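One structure below.
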Amino acid sequence: MSSDRRTISVSEIASGSAALAEARFIPQRYEPNYAYPLLVLFHGRGGNEQHLVSAMPALSWRNYIGLSLRGPEPIVRRGERIGYTWGPAFARPDRMNEFHSIPEPPGQAFQRIMSGSGLHTHERVEDASFNAIQNLRRTLHVHSERIFLVGVGEGAAVAFKLAFRYPERFAGVVAINGWLPPRSLSRVRDCRSLKTLVVHGEWNGRAPVDHARRNVGILKAGGLNVAFQSYPCGHRLASPMLADVDSWLMRQCSSSIG
């Protein structure tokens, strides 16, 4: 691990209530005696665990360990699997009514429970995330107070949900071209010490920047510490965006040292 190169290891973990496929990014010149910040990465709809791991060098070669998880639900088009999603609970706001207008019938709920998938998708994602973090910390040196959640698009909704539900477990959350999921601010008072960064493309056709600004206003109205920046790009990871995310993360780590 001390070699001067990027190392990516991928493990396919058996599907279940507390496991997802994952990919890891190990920093260049990894130093076992140094406690690294950990970035838990959640890809956008249609992506997979490799997408954000592949973007890690553009963020930083050396500053962070990356743990990228794969969404639990496959997207199939014309009989072919084209990517993964995090489920209806994290869908784009304009799709929420489509997913939530019809409640789950009792018979369907019974079948789901009897088939062994009693947890809803968002609960499985929670379990999988915490188990993956715990497993990674058995082999890599992670600073327990510098664990950040980073999500893109639909993955940003996952990051928001986890961070705002368990603010005491994380140092901050970064939302890239994403949105707030419903019912994610039940612990708003406990989230006021949680650092949040929202970055968004001005020309984003999937998730309009006006929605992102409104979400930032909602968070600030709740007393949360939120930074926001927009960029002249669409729904993609732009280089200036990643550079600013790196700078923001380093500031949070430096302030925690202080």
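Residues are referred to by chain and number: the chain letter is A, B, ... according to the order shown in the structure tokens, the number counts from 1 in that chain, and ligands are numbered separately from 1 in the order shown.
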Show which residues sit within 10 Å of Pro240 in chain A, as an mmCIF file with N, CA and C atoms, in the first residue's frame. Count only C-alpha atoms, and ignore same-chain residues fewer than 5 positions away.
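Here's the written file around-v7.cif:
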```cif
data_model
loop_
_atom_site.group_PDB
_atom_site.id
_atom_site.type_symbol
_atom_site.label_atom_id
_atom_site.label_comp_id
_atom_site.auth_asym_id
_atom_site.auth_seq_id
_atom_site.Cartn_x
_atom_site.Cartn_y
_atom_site.Cartn_z
ATOM 1 N N ALA A 58 -9.234 13.045 -9.124
ATOM 2 C CA ALA A 58 -9.501 14.442 -9.470
ATOM 3 C C ALA A 58 -9.798 15.259 -8.223
ATOM 4 N N LEU A 59 -10.241 14.594 -7.175
ATOM 5 C CA LEU A 59 -10.462 15.272 -5.901
ATOM 6 C C LEU A 59 -9.147 15.381 -5.142
ATOM 7 N N TYR A 231 -21.922 26.363 -10.455
ATOM 8 C CA TYR A 231 -20.874 26.327 -11.475
ATOM 9 C C TYR A 231 -21.504 26.336 -12.870
ATOM 10 N N PRO A 232 -20.794 26.863 -13.869
ATOM 11 C CA PRO A 232 -21.327 26.895 -15.233
ATOM 12 C C PRO A 232 -21.219 25.536 -15.914
ATOM 13 N N VAL A 245 -14.632 21.184 -3.471
ATOM 14 C CA VAL A 245 -15.002 20.175 -2.469
ATOM 15 C C VAL A 245 -13.772 19.767 -1.671
ATOM 16 N N ASP A 246 -12.649 19.564 -2.348
ATOM 17 C CA ASP A 246 -11.403 19.204 -1.658
ATOM 18 C C ASP A 246 -10.992 20.305 -0.676
#
```
Please provide as number ranges by chain all residues within 9 Å of Ser193 in chain A, with the sequence filter that same-chain residues fewer than 3 positions apart are discarded (counting only C-alpha atoms). A: 167-168, 171-172, 189-190, 224-225
Write a file of the just-selected residues containing C-alpha atoms, as a PDB file, in the first residue's frame.
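What ended up in part-v9.pdb:
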```pdb
ATOM      1  CA  PRO A 167     -25.487  13.714  12.805  1.00  0.00           C
ATOM      2  CA  GLU A 168     -23.380  12.595  15.761  1.00  0.00           C
ATOM      3  CA  ALA A 171     -18.259  15.249  10.357  1.00  0.00           C
ATOM      4  CA  GLY A 172     -20.141  16.629   7.381  1.00  0.00           C
ATOM      5  CA  ARG A 189     -31.660  20.793  16.189  1.00  0.00           C
ATOM      6  CA  ASP A 190     -29.072  18.030  16.500  1.00  0.00           C
ATOM      7  CA  LEU A 224     -27.725  24.538   9.835  1.00  0.00           C
ATOM      8  CA  ASN A 225     -24.215  25.500   8.771  1.00  0.00           C
TER       9      ASN A 225
END
```
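The set of residues in range 16-68 of chain A assigned to helix (DSSP H, G or I) by DSSP, using only backbone atoms of this structure, is Glu49, Gln50, His51, Leu52, Val53, Ser54, Ala55, Met56, Pro57, Ala58 and Leu59 of chain A.
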Writer output for current selection, N, CA and C atoms, as a short mmCIF file (atom, residue, chain, number, x, y, z; two decimals), in the first residue's frame:
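Dumped everything to result.cif:
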```
data_model
loop_
_atom_site.label_atom_id
_atom_site.label_comp_id
_atom_site.auth_asym_id
_atom_site.auth_seq_id
_atom_site.Cartn_x
_atom_site.Cartn_y
_atom_site.Cartn_z
N GLU A 49 -20.76 1.51 -8.08
CA GLU A 49 -19.76 1.81 -7.05
C GLU A 49 -18.44 2.29 -7.63
N GLN A 50 -18.20 2.07 -8.93
CA GLN A 50 -16.93 2.48 -9.52
C GLN A 50 -16.90 3.96 -9.92
N HIS A 51 -18.05 4.55 -10.17
CA HIS A 51 -18.08 5.89 -10.75
C HIS A 51 -17.36 6.93 -9.88
N LEU A 52 -17.68 6.98 -8.60
CA LEU A 52 -17.07 8.00 -7.76
C LEU A 52 -15.66 7.61 -7.32
N VAL A 53 -15.37 6.32 -7.24
CA VAL A 53 -13.99 5.90 -6.97
C VAL A 53 -13.08 6.38 -8.10
N SER A 54 -13.58 6.28 -9.33
CA SER A 54 -12.79 6.74 -10.48
C SER A 54 -12.56 8.25 -10.46
N ALA A 55 -13.45 8.98 -9.79
CA ALA A 55 -13.31 10.44 -9.70
C ALA A 55 -12.43 10.88 -8.54
N MET A 56 -12.07 9.97 -7.65
CA MET A 56 -11.29 10.35 -6.48
C MET A 56 -9.96 11.03 -6.80
N PRO A 57 -9.18 10.55 -7.80
CA PRO A 57 -7.92 11.25 -8.09
C PRO A 57 -8.11 12.71 -8.48
N ALA A 58 -9.23 13.05 -9.12
CA ALA A 58 -9.50 14.44 -9.47
C ALA A 58 -9.80 15.26 -8.22
N LEU A 59 -10.24 14.59 -7.17
CA LEU A 59 -10.46 15.27 -5.90
C LEU A 59 -9.15 15.38 -5.14
#
```
Test item, strand (DSSP E or B) assignment across range 30-235 of chain A, answer as a CSV table (one decimal) with N, CA and C atoms, in the first residue's frame:
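Below is the file selection.csv, written as the result:
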```csv
chain,number,residue,atom,x,y,z
A,36,TYR,N,-6.7,8.8,8.4
A,36,TYR,CA,-7.2,9.5,7.3
A,36,TYR,C,-8.7,9.9,7.4
A,37,PRO,N,-9.1,11.0,6.8
A,37,PRO,CA,-10.5,11.3,6.7
A,37,PRO,C,-11.1,10.2,5.7
A,38,LEU,N,-12.3,9.8,6.0
A,38,LEU,CA,-13.0,8.9,5.1
A,38,LEU,C,-14.2,9.5,4.4
A,39,LEU,N,-14.2,9.3,3.1
A,39,LEU,CA,-15.3,9.8,2.3
A,39,LEU,C,-16.2,8.6,1.9
A,40,VAL,N,-17.4,8.6,2.4
A,40,VAL,CA,-18.4,7.5,2.0
A,40,VAL,C,-19.2,8.1,0.8
A,41,LEU,N,-19.1,7.4,-0.3
A,41,LEU,CA,-19.5,7.9,-1.6
A,41,LEU,C,-20.8,7.2,-2.1
A,42,PHE,N,-21.7,8.0,-2.5
A,42,PHE,CA,-23.0,7.5,-3.0
A,42,PHE,C,-23.2,8.0,-4.5
A,47,GLY,N,-25.7,4.9,-11.9
A,47,GLY,CA,-24.3,4.7,-11.7
A,47,GLY,C,-24.0,3.4,-11.0
A,65,ILE,N,-9.3,8.4,2.3
A,65,ILE,CA,-9.7,7.1,1.9
A,65,ILE,C,-11.2,7.2,1.4
A,66,GLY,N,-11.5,6.5,0.3
A,66,GLY,CA,-12.8,6.5,-0.3
A,66,GLY,C,-13.5,5.2,-0.2
A,67,LEU,N,-14.7,5.2,0.2
A,67,LEU,CA,-15.6,4.0,0.3
A,67,LEU,C,-16.8,4.2,-0.5
A,68,SER,N,-16.9,3.6,-1.6
A,68,SER,CA,-18.1,3.8,-2.5
A,68,SER,C,-19.0,2.6,-2.5
A,69,LEU,N,-20.3,2.8,-2.3
A,69,LEU,CA,-21.3,1.8,-2.2
A,69,LEU,C,-22.2,1.8,-3.5
A,73,GLU,N,-30.8,-1.3,-5.9
A,73,GLU,CA,-31.8,-1.7,-6.9
A,73,GLU,C,-31.3,-1.6,-8.3
A,74,PRO,N,-31.2,-2.6,-9.1
A,74,PRO,CA,-30.7,-2.5,-10.5
A,74,PRO,C,-31.8,-1.8,-11.4
A,75,ILE,N,-31.2,-1.1,-12.4
A,75,ILE,CA,-32.1,-0.5,-13.4
A,75,ILE,C,-31.9,-1.3,-14.7
A,76,VAL,N,-33.1,-1.8,-15.1
A,76,VAL,CA,-33.0,-2.7,-16.3
A,76,VAL,C,-33.8,-2.0,-17.4
A,77,ARG,N,-33.2,-1.9,-18.6
A,77,ARG,CA,-33.8,-1.3,-19.8
A,77,ARG,C,-33.6,-2.3,-20.9
A,80,GLU,N,-31.7,-5.4,-20.2
A,80,GLU,CA,-30.3,-5.2,-19.9
A,80,GLU,C,-30.1,-4.3,-18.7
A,81,ARG,N,-29.2,-4.7,-17.8
A,81,ARG,CA,-28.9,-3.9,-16.6
A,81,ARG,C,-28.0,-2.8,-17.0
A,82,ILE,N,-28.4,-1.5,-16.7
A,82,ILE,CA,-27.7,-0.4,-17.2
A,82,ILE,C,-27.1,0.4,-16.0
A,83,GLY,N,-27.4,0.0,-14.8
A,83,GLY,CA,-26.9,0.8,-13.6
A,83,GLY,C,-27.8,0.4,-12.4
A,84,TYR,N,-27.6,1.3,-11.4
A,84,TYR,CA,-28.3,1.0,-10.1
A,84,TYR,C,-28.9,2.3,-9.5
A,85,THR,N,-29.9,2.1,-8.7
A,85,THR,CA,-30.6,3.2,-8.0
A,85,THR,C,-30.7,2.9,-6.5
A,142,VAL,N,-8.7,5.0,9.8
A,142,VAL,CA,-9.7,6.1,9.6
A,142,VAL,C,-9.8,6.9,10.9
A,143,HIS,N,-9.8,8.3,10.7
A,143,HIS,CA,-10.1,9.2,11.8
A,143,HIS,C,-11.6,9.1,12.1
A,144,SER,N,-11.9,8.7,13.3
A,144,SER,CA,-13.3,8.5,13.7
A,144,SER,C,-14.1,9.8,13.7
A,145,GLU,N,-13.5,11.0,13.8
A,145,GLU,CA,-14.2,12.2,13.8
A,145,GLU,C,-14.2,12.9,12.4
A,146,ARG,N,-13.7,12.2,11.4
A,146,ARG,CA,-13.6,12.9,10.1
A,146,ARG,C,-14.2,11.9,9.0
A,147,ILE,N,-15.4,11.5,9.2
A,147,ILE,CA,-16.1,10.7,8.3
A,147,ILE,C,-17.1,11.6,7.6
A,148,PHE,N,-17.0,11.7,6.3
A,148,PHE,CA,-17.9,12.6,5.5
A,148,PHE,C,-18.7,11.8,4.5
A,149,LEU,N,-19.9,12.2,4.3
A,149,LEU,CA,-20.8,11.6,3.4
A,149,LEU,C,-20.8,12.4,2.1
A,150,VAL,N,-20.6,11.9,1.0
A,150,VAL,CA,-20.5,12.6,-0.3
A,150,VAL,C,-21.5,11.9,-1.3
A,151,GLY,N,-22.4,12.6,-1.8
A,151,GLY,CA,-23.4,12.0,-2.8
A,151,GLY,C,-23.6,12.9,-4.0
A,152,VAL,N,-23.9,12.2,-5.1
A,152,VAL,CA,-24.1,12.9,-6.4
A,152,VAL,C,-25.6,12.6,-6.8
A,172,GLY,N,-19.5,15.7,8.3
A,172,GLY,CA,-20.1,16.6,7.4
A,172,GLY,C,-20.7,15.9,6.2
A,173,VAL,N,-21.4,16.6,5.4
A,173,VAL,CA,-22.1,16.0,4.2
A,173,VAL,C,-21.8,17.0,3.0
A,174,VAL,N,-21.6,16.4,1.8
A,174,VAL,CA,-21.4,17.1,0.6
A,174,VAL,C,-22.4,16.6,-0.4
A,175,ALA,N,-23.2,17.5,-0.9
A,175,ALA,CA,-24.3,17.2,-1.9
A,175,ALA,C,-23.9,17.8,-3.2
A,176,ILE,N,-23.7,17.0,-4.2
A,176,ILE,CA,-23.3,17.5,-5.6
A,176,ILE,C,-24.5,17.2,-6.5
A,195,LYS,N,-21.5,20.1,9.4
A,195,LYS,CA,-21.1,21.0,8.3
A,195,LYS,C,-21.6,20.4,7.0
A,196,THR,N,-22.2,21.3,6.2
A,196,THR,CA,-22.8,20.9,4.9
A,196,THR,C,-22.3,21.8,3.8
A,197,LEU,N,-22.0,21.1,2.7
A,197,LEU,CA,-21.6,21.8,1.5
A,197,LEU,C,-22.5,21.3,0.3
A,198,VAL,N,-23.1,22.3,-0.4
A,198,VAL,CA,-24.0,22.0,-1.5
A,198,VAL,C,-23.3,22.7,-2.8
A,199,VAL,N,-23.0,21.9,-3.8
A,199,VAL,CA,-22.5,22.4,-5.0
A,199,VAL,C,-23.4,21.9,-6.2
A,200,HIS,N,-23.6,22.8,-7.2
A,200,HIS,CA,-24.6,22.5,-8.2
A,200,HIS,C,-24.3,23.2,-9.5
A,201,GLY,N,-24.6,22.5,-10.6
A,201,GLY,CA,-24.4,23.1,-11.9
A,201,GLY,C,-25.6,24.0,-12.2
A,225,ASN,N,-25.4,24.9,9.3
A,225,ASN,CA,-24.2,25.5,8.8
A,225,ASN,C,-24.0,25.0,7.3
A,226,VAL,N,-24.4,25.8,6.4
A,226,VAL,CA,-24.4,25.4,5.0
A,226,VAL,C,-23.7,26.3,4.1
A,227,ALA,N,-22.8,25.8,3.3
A,227,ALA,CA,-22.1,26.5,2.2
A,227,ALA,C,-22.6,26.1,0.9
A,228,PHE,N,-22.8,27.1,-0.1
A,228,PHE,CA,-23.3,26.8,-1.4
A,228,PHE,C,-22.5,27.4,-2.5
A,229,GLN,N,-22.3,26.7,-3.6
A,229,GLN,CA,-21.6,27.3,-4.7
A,229,GLN,C,-22.2,26.6,-6.0
A,230,SER,N,-22.4,27.4,-7.0
A,230,SER,CA,-22.9,26.9,-8.3
A,230,SER,C,-21.8,27.1,-9.3
A,231,TYR,N,-21.9,26.4,-10.5
A,231,TYR,CA,-20.9,26.3,-11.5
A,231,TYR,C,-21.5,26.3,-12.9
```
With only C-alpha atoms as the counted atoms, please give the residues lying no more than 10 Å from Arg187 in chain A, apart from itself and same-chain residues fewer than 5 positions off, as a list in words. Phe164, Arg165, Tyr166, Pro167 and Arg192 of chain A
Give me the residues within 12 Å of Phe130 in chain A as a VMD selection string, counting only C-alpha atoms and dropping any in the same chain fewer than 3 places off. chain A and resid 17 to 20 40 67 69 123 to 127 133 to 137 147 149 162 to 163 166 169 to 170
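Our summary of the geometry notes that CA of Pro93 in chain A is positioned 11.2 Å from CA of Ala212 in chain A.
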